[in-house]
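For reference, work.csv (CSV, C-alpha atoms and all ligand atoms):
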chain,number,residue,atom,x,y,z
A,785,MET,CA,-96.3,4.1,-37.2
A,786,SER,CA,-95.5,1.1,-35.0
A,787,SER,CA,-95.1,1.3,-31.3
A,788,GLN,CA,-91.3,1.2,-31.8
A,789,GLN,CA,-91.2,4.6,-33.5
A,790,PRO,CA,-91.0,7.9,-31.7
A,791,PRO,CA,-94.3,8.7,-29.9
A,792,LEU,CA,-96.8,11.1,-31.4
A,793,GLY,CA,-98.4,13.7,-29.1
A,794,ILE,CA,-101.4,11.6,-28.4
A,795,SER,CA,-103.8,11.3,-25.5
A,796,PHE,CA,-106.8,9.0,-24.8
A,797,GLU,CA,-110.1,9.6,-23.1
A,798,PHE,CA,-112.2,7.0,-21.2
A,799,PHE,CA,-115.6,7.1,-19.6
A,800,PRO,CA,-116.0,5.6,-16.1
A,801,PRO,CA,-117.5,2.1,-16.5
A,802,GLY,CA,-120.7,1.2,-14.5
A,803,THR,CA,-120.1,-2.6,-14.2
A,804,GLU,CA,-117.4,-5.0,-13.0
A,805,VAL,CA,-117.0,-6.3,-16.6
A,806,GLY,CA,-116.6,-2.7,-17.8
A,807,ARG,CA,-114.0,-2.0,-15.1
A,808,GLU,CA,-111.9,-5.1,-16.0
A,809,LYS,CA,-112.1,-4.2,-19.7
A,810,LEU,CA,-110.9,-0.7,-19.0
A,811,LEU,CA,-107.7,-2.1,-17.5
A,812,GLN,CA,-107.0,-4.1,-20.7
A,813,VAL,CA,-107.8,-1.1,-22.9
A,814,ARG,CA,-105.6,1.1,-20.7
A,815,ASP,CA,-102.6,-1.3,-21.0
A,816,ALA,CA,-103.1,-1.6,-24.8
A,817,LEU,CA,-103.1,2.1,-25.2
A,818,ALA,CA,-100.3,2.8,-22.7
A,819,SER,CA,-98.0,0.9,-25.0
A,820,ARG,CA,-98.2,3.8,-27.4
A,821,GLN,CA,-96.8,6.2,-24.8
A,822,PRO,CA,-99.5,8.8,-24.7
A,823,ARG,CA,-99.0,12.2,-23.1
A,824,PHE,CA,-101.9,11.6,-20.8
A,825,PHE,CA,-105.2,9.7,-20.2
A,826,SER,CA,-108.4,11.4,-19.2
A,827,VAL,CA,-111.6,10.2,-17.6
A,828,THR,CA,-115.0,11.9,-18.1
A,829,TYR,CA,-117.4,13.1,-15.4
A,830,GLY,CA,-121.2,13.2,-15.3
A,831,ALA,CA,-122.6,16.7,-15.0
A,832,GLY,CA,-123.9,17.6,-11.5
A,833,GLY,CA,-121.5,15.0,-10.0
A,834,SER,CA,-123.6,12.1,-11.3
A,835,THR,CA,-120.6,9.9,-11.9
A,836,GLN,CA,-118.4,11.4,-9.2
A,837,ALA,CA,-117.6,8.1,-7.3
A,838,ARG,CA,-117.2,6.1,-10.6
A,839,THR,CA,-115.0,8.8,-12.1
A,840,ARG,CA,-112.7,8.8,-9.1
A,841,GLN,CA,-112.5,5.0,-9.1
A,842,ALA,CA,-111.7,5.0,-12.9
A,843,VAL,CA,-109.1,7.8,-12.5
A,844,ARG,CA,-107.4,5.8,-9.8
A,845,ALA,CA,-107.4,2.6,-11.9
A,846,VAL,CA,-106.2,4.4,-15.1
A,847,GLY,CA,-103.6,6.3,-13.1
A,848,GLU,CA,-102.0,3.1,-11.9
A,849,SER,CA,-100.5,2.8,-15.3
A,850,GLY,CA,-98.0,5.5,-14.3
A,851,ILE,CA,-99.3,7.7,-17.1
A,852,THR,CA,-100.6,11.2,-16.2
A,853,THR,CA,-104.3,10.9,-15.8
A,854,ALA,CA,-106.6,13.9,-16.0
A,855,PRO,CA,-110.0,13.8,-14.3
A,856,HIS,CA,-112.7,15.8,-16.1
A,857,LEU,CA,-114.6,18.1,-13.8
A,858,SER,CA,-117.8,20.0,-14.6
A,859,CYS,CA,-119.4,22.8,-12.7
A,860,ILE,CA,-123.0,22.9,-13.7
A,861,GLY,CA,-125.3,21.7,-10.9
A,862,SER,CA,-122.4,21.7,-8.4
A,863,GLU,CA,-121.7,23.9,-5.4
A,864,LYS,CA,-118.3,25.4,-4.8
A,865,ALA,CA,-117.9,23.4,-1.6
A,866,GLN,CA,-118.3,20.1,-3.5
A,867,LEU,CA,-115.8,21.2,-6.2
A,868,ARG,CA,-113.3,22.4,-3.6
A,869,GLU,CA,-113.5,19.0,-1.9
A,870,LEU,CA,-112.9,17.2,-5.1
A,871,LEU,CA,-110.0,19.4,-6.1
A,872,ALA,CA,-108.4,18.7,-2.7
A,873,GLU,CA,-108.9,14.9,-3.1
A,874,TYR,CA,-107.4,14.9,-6.5
A,875,ARG,CA,-104.4,16.9,-5.3
A,876,GLU,CA,-103.9,14.5,-2.3
A,877,GLU,CA,-104.0,11.6,-4.7
A,878,GLY,CA,-101.2,13.1,-6.7
A,879,HIS,CA,-103.0,14.4,-9.7
A,880,ASP,CA,-101.9,17.5,-11.4
A,881,SER,CA,-104.0,17.7,-14.6
A,882,LEU,CA,-107.7,18.4,-15.1
A,883,VAL,CA,-110.2,18.9,-17.9
A,884,ALA,CA,-112.5,21.7,-16.8
A,885,LEU,CA,-116.0,21.9,-18.2
A,886,ARG,CA,-119.3,23.5,-17.7
A,887,GLY,CA,-121.1,20.3,-18.5
A,888,ASP,CA,-124.8,19.9,-19.4
A,889,MET,CA,-127.6,20.2,-16.9
A,890,PRO,CA,-129.0,16.7,-16.3
A,891,SER,CA,-132.8,16.5,-16.7
A,892,GLY,CA,-134.5,16.7,-13.3
A,893,MET,CA,-131.8,18.7,-11.7
A,894,ALA,CA,-133.2,21.9,-10.2
A,895,SER,CA,-130.2,24.1,-9.5
A,896,ILE,CA,-127.6,25.4,-11.9
A,897,GLY,CA,-125.1,25.7,-9.1
A,898,GLU,CA,-122.7,28.6,-8.3
A,899,LEU,CA,-120.6,28.6,-11.4
A,900,ARG,CA,-122.5,29.1,-14.8
A,901,TYR,CA,-119.7,28.7,-17.4
A,902,ALA,CA,-116.4,26.9,-17.8
A,903,ASN,CA,-114.4,30.2,-17.6
A,904,GLU,CA,-115.8,30.6,-14.1
A,905,LEU,CA,-114.7,27.1,-13.2
A,906,VAL,CA,-111.2,27.8,-14.5
A,907,GLU,CA,-111.0,31.0,-12.4
A,908,PHE,CA,-112.2,29.1,-9.4
A,909,ILE,CA,-109.6,26.3,-9.8
A,910,ARG,CA,-106.9,28.9,-10.1
A,911,GLU,CA,-108.1,30.8,-7.0
A,912,GLU,CA,-108.3,27.6,-5.0
A,913,THR,CA,-105.2,25.8,-6.1
A,914,GLY,CA,-102.9,28.3,-7.9
A,915,ASP,CA,-100.7,26.7,-10.5
A,916,HIS,CA,-101.0,23.2,-9.1
A,917,PHE,CA,-103.1,21.8,-12.0
A,918,ASP,CA,-102.5,21.9,-15.7
A,919,ILE,CA,-106.0,22.8,-17.0
A,920,ALA,CA,-107.5,21.8,-20.3
A,921,VAL,CA,-110.8,23.2,-21.6
A,922,ALA,CA,-113.2,22.3,-24.4
A,923,ALA,CA,-113.2,23.9,-27.8
A,924,TYR,CA,-115.8,23.6,-30.6
A,925,PRO,CA,-114.4,24.1,-34.2
A,926,GLU,CA,-118.0,23.8,-35.6
A,927,SER,CA,-119.4,26.0,-32.8
A,928,HIS,CA,-121.0,24.8,-29.5
A,929,PRO,CA,-124.7,23.9,-30.2
A,930,GLN,CA,-126.0,26.6,-27.8
A,931,ALA,CA,-123.8,29.4,-29.2
A,932,SER,CA,-125.6,32.0,-31.5
A,933,ASN,CA,-122.7,31.8,-33.9
A,934,LEU,CA,-119.1,30.8,-34.2
A,935,ASP,CA,-117.7,34.3,-33.5
A,936,ARG,CA,-119.5,34.5,-30.1
A,937,ASP,CA,-118.4,31.0,-29.3
A,938,VAL,CA,-114.8,31.7,-30.1
A,939,GLU,CA,-115.0,34.8,-27.8
A,940,ASN,CA,-116.3,32.7,-25.0
A,941,PHE,CA,-113.6,30.1,-25.7
A,942,VAL,CA,-110.9,32.8,-25.5
A,943,ARG,CA,-112.4,34.0,-22.2
A,944,LYS,CA,-111.7,30.6,-20.6
A,945,MET,CA,-108.2,30.4,-22.1
A,946,HIS,CA,-107.5,33.8,-20.6
A,947,ALA,CA,-108.9,32.7,-17.3
A,948,GLY,CA,-105.9,30.4,-16.9
A,949,ALA,CA,-106.3,27.3,-19.1
A,950,ASP,CA,-103.1,25.7,-20.4
A,951,MET,CA,-104.5,23.9,-23.4
A,952,ALA,CA,-107.8,23.0,-25.2
A,953,ILE,CA,-109.2,19.8,-26.6
A,954,THR,CA,-111.8,20.1,-29.3
A,955,GLN,CA,-115.1,18.5,-29.9
A,956,TYR,CA,-114.7,15.9,-32.7
A,957,PHE,CA,-115.2,16.9,-36.3
A,958,PHE,CA,-114.6,15.3,-39.7
A,959,THR,CA,-113.5,18.3,-41.7
A,960,ALA,CA,-110.0,19.5,-41.0
A,961,GLU,CA,-110.7,23.0,-42.4
A,962,ALA,CA,-113.1,23.6,-39.5
A,963,TYR,CA,-110.3,23.0,-37.0
A,964,PHE,CA,-107.7,25.2,-38.8
A,965,HIS,CA,-110.2,28.0,-39.2
A,966,PHE,CA,-111.1,27.8,-35.5
A,967,VAL,CA,-107.4,27.8,-34.5
A,968,ASP,CA,-106.8,30.9,-36.8
A,969,LYS,CA,-109.6,32.7,-35.1
A,970,ALA,CA,-108.4,31.9,-31.6
A,971,ARG,CA,-104.8,32.9,-32.5
A,972,ALA,CA,-106.1,36.2,-33.8
A,973,LEU,CA,-107.7,36.9,-30.4
A,974,GLY,CA,-104.4,36.2,-28.6
A,975,VAL,CA,-104.6,32.5,-27.7
A,976,GLU,CA,-101.2,30.9,-28.0
A,977,LYS,CA,-101.7,27.7,-26.0
A,978,PRO,CA,-102.1,24.4,-27.7
A,979,ILE,CA,-105.5,23.5,-29.2
A,980,ILE,CA,-105.6,19.7,-29.6
A,981,PRO,CA,-108.0,18.1,-32.1
A,982,GLY,CA,-110.4,15.6,-30.5
A,983,ILE,CA,-110.8,12.5,-32.7
A,984,MET,CA,-113.8,10.2,-32.7
A,985,PRO,CA,-113.2,6.8,-34.4
A,986,ILE,CA,-116.1,5.6,-36.5
A,987,VAL,CA,-117.3,2.3,-35.1
A,988,ASN,CA,-121.1,2.3,-34.9
A,989,TYR,CA,-122.9,4.6,-37.4
A,990,THR,CA,-126.3,4.7,-35.6
A,991,LYS,CA,-124.7,5.8,-32.3
A,992,LEU,CA,-122.4,8.2,-34.0
A,993,ALA,CA,-125.2,9.9,-35.9
A,994,ARG,CA,-127.3,10.2,-32.8
A,995,PHE,CA,-124.4,11.6,-30.7
A,996,SER,CA,-123.3,14.0,-33.5
A,997,ASP,CA,-126.8,15.5,-33.7
A,998,ALA,CA,-126.8,16.1,-30.0
A,999,CYS,CA,-123.3,17.6,-29.7
A,1000,GLY,CA,-123.4,19.6,-32.9
A,1001,ALA,CA,-120.6,17.7,-34.8
A,1002,GLU,CA,-121.2,17.5,-38.5
A,1003,ILE,CA,-120.9,14.2,-40.4
A,1004,PRO,CA,-120.3,15.3,-44.0
A,1005,ARG,CA,-122.8,14.0,-46.5
A,1006,TRP,CA,-120.4,11.9,-48.4
A,1007,ILE,CA,-119.4,10.1,-45.2
A,1008,ARG,CA,-123.0,9.7,-44.1
A,1009,LYS,CA,-124.1,8.3,-47.4
A,1010,GLN,CA,-121.3,5.8,-47.5
A,1011,LEU,CA,-121.9,4.6,-43.9
A,1012,GLU,CA,-125.6,4.3,-44.5
A,1013,SER,CA,-125.0,2.1,-47.5
A,1014,TYR,CA,-123.2,-0.4,-45.4
A,1015,GLY,CA,-126.4,-1.1,-43.3
A,1016,ASP,CA,-125.4,-3.6,-40.5
A,1017,ASP,CA,-122.1,-4.6,-42.0
A,1018,ALA,CA,-119.9,-3.7,-39.0
A,1019,ASP,CA,-116.7,-4.7,-40.7
A,1020,ALA,CA,-117.3,-2.4,-43.7
A,1021,ILE,CA,-118.2,0.5,-41.4
A,1022,ALA,CA,-115.0,-0.1,-39.4
A,1023,GLU,CA,-112.8,-0.3,-42.5
A,1024,PHE,CA,-114.2,2.8,-44.1
A,1025,GLY,CA,-114.2,4.6,-40.8
A,1026,THR,CA,-110.6,3.8,-40.1
A,1027,GLU,CA,-109.6,5.1,-43.6
A,1028,VAL,CA,-111.5,8.3,-43.2
A,1029,VAL,CA,-110.4,9.1,-39.7
A,1030,THR,CA,-106.7,8.1,-40.4
A,1031,ARG,CA,-106.7,10.5,-43.3
A,1032,LEU,CA,-108.2,13.3,-41.2
A,1033,CYS,CA,-105.6,12.7,-38.4
A,1034,GLN,CA,-102.7,12.8,-40.9
A,1035,GLU,CA,-104.0,16.0,-42.5
A,1036,LEU,CA,-104.3,17.6,-39.0
A,1037,LEU,CA,-100.7,16.6,-38.0
A,1038,ASP,CA,-99.3,17.7,-41.4
A,1039,GLY,CA,-101.1,21.0,-41.0
A,1040,GLY,CA,-99.5,21.7,-37.7
A,1041,ALA,CA,-101.9,20.3,-35.1
A,1042,PRO,CA,-99.9,19.9,-31.8
A,1043,GLY,CA,-101.2,16.4,-31.1
A,1044,LEU,CA,-104.4,14.3,-31.2
A,1045,HIS,CA,-106.8,13.4,-28.4
A,1046,PHE,CA,-108.8,10.2,-29.0
A,1047,TYR,CA,-112.3,9.6,-27.7
A,1048,THR,CA,-111.8,5.9,-27.2
A,1049,LEU,CA,-115.3,4.9,-25.9
A,1050,ASN,CA,-113.2,2.4,-23.8
A,1051,GLN,CA,-112.1,0.4,-26.9
A,1052,SER,CA,-108.5,0.1,-28.0
A,1053,VAL,CA,-108.8,-1.7,-31.4
A,1054,PRO,CA,-110.4,1.1,-33.4
A,1055,VAL,CA,-108.0,3.7,-32.0
A,1056,LEU,CA,-104.9,1.6,-32.5
A,1057,LYS,CA,-105.8,0.9,-36.1
A,1058,ILE,CA,-105.6,4.7,-36.7
A,1059,VAL,CA,-102.7,5.5,-34.4
A,1060,ASP,CA,-100.5,2.8,-35.9
A,1061,GLN,CA,-100.7,4.2,-39.4
A,1062,LEU,CA,-99.8,7.8,-38.5
A,1063,ARG,CA,-96.5,9.6,-39.2
A,1064,ALA,CA,-95.4,12.2,-36.7
B,1,LIG,P1,-118.7,26.6,-21.8
B,1,LIG,O1,-117.3,26.9,-22.2
B,1,LIG,O2,-119.1,27.2,-20.5
B,1,LIG,O3,-119.6,27.0,-23.0
B,1,LIG,C1,-121.0,26.6,-23.0
B,1,LIG,C2,-121.8,27.5,-23.8
B,1,LIG,O4,-121.9,28.8,-23.2
B,1,LIG,C3,-121.2,27.8,-25.2
B,1,LIG,O5,-122.3,28.0,-26.1
B,1,LIG,C4,-120.5,29.1,-25.0
B,1,LIG,O6,-120.4,29.9,-26.2
B,1,LIG,C5,-121.3,29.8,-23.9
B,1,LIG,N1,-120.5,30.6,-23.0
B,1,LIG,C6,-119.3,30.2,-22.4
B,1,LIG,N2,-118.9,31.2,-21.5
B,1,LIG,C7,-119.8,32.1,-21.5
B,1,LIG,C8,-120.0,33.4,-20.8
B,1,LIG,N3,-119.1,33.7,-19.9
B,1,LIG,N4,-121.1,34.1,-21.0
B,1,LIG,C9,-122.0,33.7,-21.9
B,1,LIG,N5,-122.0,32.6,-22.6
B,1,LIG,C10,-120.9,31.8,-22.4
B,1,LIG,N6,-119.5,16.8,-20.6
B,1,LIG,C11,-119.6,16.1,-19.5
B,1,LIG,O7,-120.7,16.2,-18.9
B,1,LIG,N7,-118.6,15.4,-18.9
B,1,LIG,C12,-117.4,15.4,-19.5
B,1,LIG,O8,-116.5,14.7,-18.9
B,1,LIG,C13,-117.2,16.1,-20.7
B,1,LIG,N8,-115.9,16.1,-21.3
B,1,LIG,C14,-115.8,16.8,-22.5
B,1,LIG,C15,-114.5,16.8,-23.0
B,1,LIG,C16,-114.3,17.6,-24.2
B,1,LIG,C17,-112.9,17.6,-24.8
B,1,LIG,C18,-115.4,18.2,-24.8
B,1,LIG,C19,-115.2,19.0,-26.1
B,1,LIG,C20,-116.6,18.2,-24.3
B,1,LIG,C21,-116.8,17.5,-23.1
B,1,LIG,N9,-118.1,17.5,-22.5
B,1,LIG,C22,-118.3,16.8,-21.3
B,1,LIG,C23,-119.3,18.1,-23.1
B,1,LIG,C24,-119.4,19.6,-22.5
B,1,LIG,O9,-119.7,19.5,-21.1
B,1,LIG,C25,-120.6,20.2,-23.2
B,1,LIG,O10,-120.3,20.5,-24.5
B,1,LIG,C26,-121.2,21.5,-22.5
B,1,LIG,O11,-122.4,21.8,-23.2
B,1,LIG,C27,-120.3,22.7,-22.6
B,1,LIG,O12,-119.2,22.6,-21.8
B,1,LIG,P2,-118.1,23.7,-21.9
B,1,LIG,O13,-117.1,23.5,-20.8
B,1,LIG,O14,-117.6,23.8,-23.3
B,1,LIG,O15,-118.9,25.0,-21.6
Would you encode the structure as structure tokens?
Amino acid sequence: MSSQQPPLGISFEFFPPGTEVGREKLLQVRDALASRQPRFFSVTYGAGGSTQARTRQAVRAVGESGITTAPHLSCIGSEKAQLRELLAEYREEGHDSLVALRGDMPSGMASIGELRYANELVEFIREETGDHFDIAVAAYPESHPQASNLDRDVENFVRKMHAGADMAITQYFFTAEAYFHFVDKARALGVEKPIIPGIMPIVNYTKLARFSDACGAEIPRWIRKQLESYGDDADAIAEFGTEVVTRLCQELLDGGAPGLHFYTLNQSVPVLKIVDQLRA
């Protein structure tokens, strides 16, 4: 699909850069991706508020595009007063969308905080701000790594949807069936809101493998073997990765997925190579 065709239901996620060079690059990436008319951008948040200032700065910069920008917000390691203040600030700055997460406890942090799970954060946001924010939460088609099994994890997912979330964005995966199976399970438990697949472009195999092990996303054996065979050949990895992920995206859209959310890693080229080949 070229940028001239009708827009797909896509959204793009950024992390808050830590350097001036990173901040300048983010503006270029933002503009390149804005040209594909996304539904929204989002900006991640370090658990325990560790990137609070940088996230706010990046949210402001990304939001200047005029495209809805959803800050991520996590509750682990935070007190209610801190979250209340942040919600008020986002509201004053004109934001009306959030991605609400539990987050992961940073090493060295002593206190879990007042809210233990994402469903409690969603309840808190609703109590504090009513219907002001559209709230997205996280979903795990291959199960959250700490969950005892997929059924328990889906029940916990449903709990946060019923607490007042408007949509969900999934962890990335490379097997479309995992997504459709998860959606069927959630629908059977009464979730009607959109569940958007999260899409990770394949750019750097070593980093992808490390991150996938940590977050519980499965890289199928045939993909792993092929990527390993390329060694340091970044072009071959990128070409194969684009082909695999584009096919996955098309399969998801053809199967009824209500959109695609791209983990951009603050790079536009790998994402655009995929997006520009998709048919709505
Ligand atoms: P929860 O929904 O609270 O689930 C965490 C675990 O607890 C699961 O195993 C679940 O089954 C279980 N559980 C949930 N509720 C209950 C309950 N009431 N009782 C008992 N068990 C329960 N991390 C960041 O630090 N910053 C980010 O910006 C960020 N953005 C993300 C965006 C997306 C789209 C996704 C998919 C993940 C993101 N993460 C981010 C990672 C996320 O913070 C971690 O995966 C974290 O471990 C879980 O967060 P959660 O909101 O899914 O937690």
For this session: Skip Ile860 (chain A) itself and residues of its chain fewer than 3 positions away, then list as a ChimeraX atom specification all residues within 12 Å of it, counting all atoms listed in the file.
Result: /A:829-834,857,863-864,866-867,884-890,893-905
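Coordinates place CA of Glu907 (chain A) at a distance of 12.4 Å from CA of Asp950 (chain A).
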Problem set entry | Nearest-residue call for Gly793 (chain A), choices A:Arg943, A:Arg823, A:His928, A:Arg844, using all atoms listed in the file |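 Of the candidates, the smallest distance to Gly793 (chain A) is held by A:Arg823.
Take atom O4 of ligand LIG 1 (chain B) and CA of Gln955 (chain A): the distance between them is 14.0 Å.
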Taking only residues of region 966-993 of chain A that have an atom at most 9 Å from an atom of region 998-1016 of chain A, what is each one's shortest atom pair and its distance in Å to one decimal, using only C-alpha atoms, in chain and number order, as a Markdown table?
| residue | atom | partner | partner_atom | distance |
| --- | --- | --- | --- | --- |
| A:Tyr989 | CA | A:Leu1011 | CA | 6.6 |
| A:Thr990 | CA | A:Glu1012 | CA | 8.9 |
| A:Leu992 | CA | A:Ile1003 | CA | 8.9 |
| A:Ala993 | CA | A:Ile1003 | CA | 7.6 |
Exercise. What does the distance between CA of Thr853 (chain A) and CA of Ser881 (chain A) come to in Å, to one decimal place?
Worked result: 6.9 Å
Exercise. Any idea what's packed within 9 Å of Pro985 (chain A), counting only C-alpha atoms, ignoring anything in its chain fewer than 5 positions away? Could you give it as number ranges by chain?
Worked result: A: 1022, 1025-1026, 1029-1030, 1046-1049, 1054-1055, 1058
Problem set entry | Counting all atoms listed in the file, the option among A:Leu871, A:Glu926, A:Leu1032, A:Glu804 closest to Ile986 (chain A) |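 Smallest separation from Ile986 (chain A) among the options: A:Leu1032.
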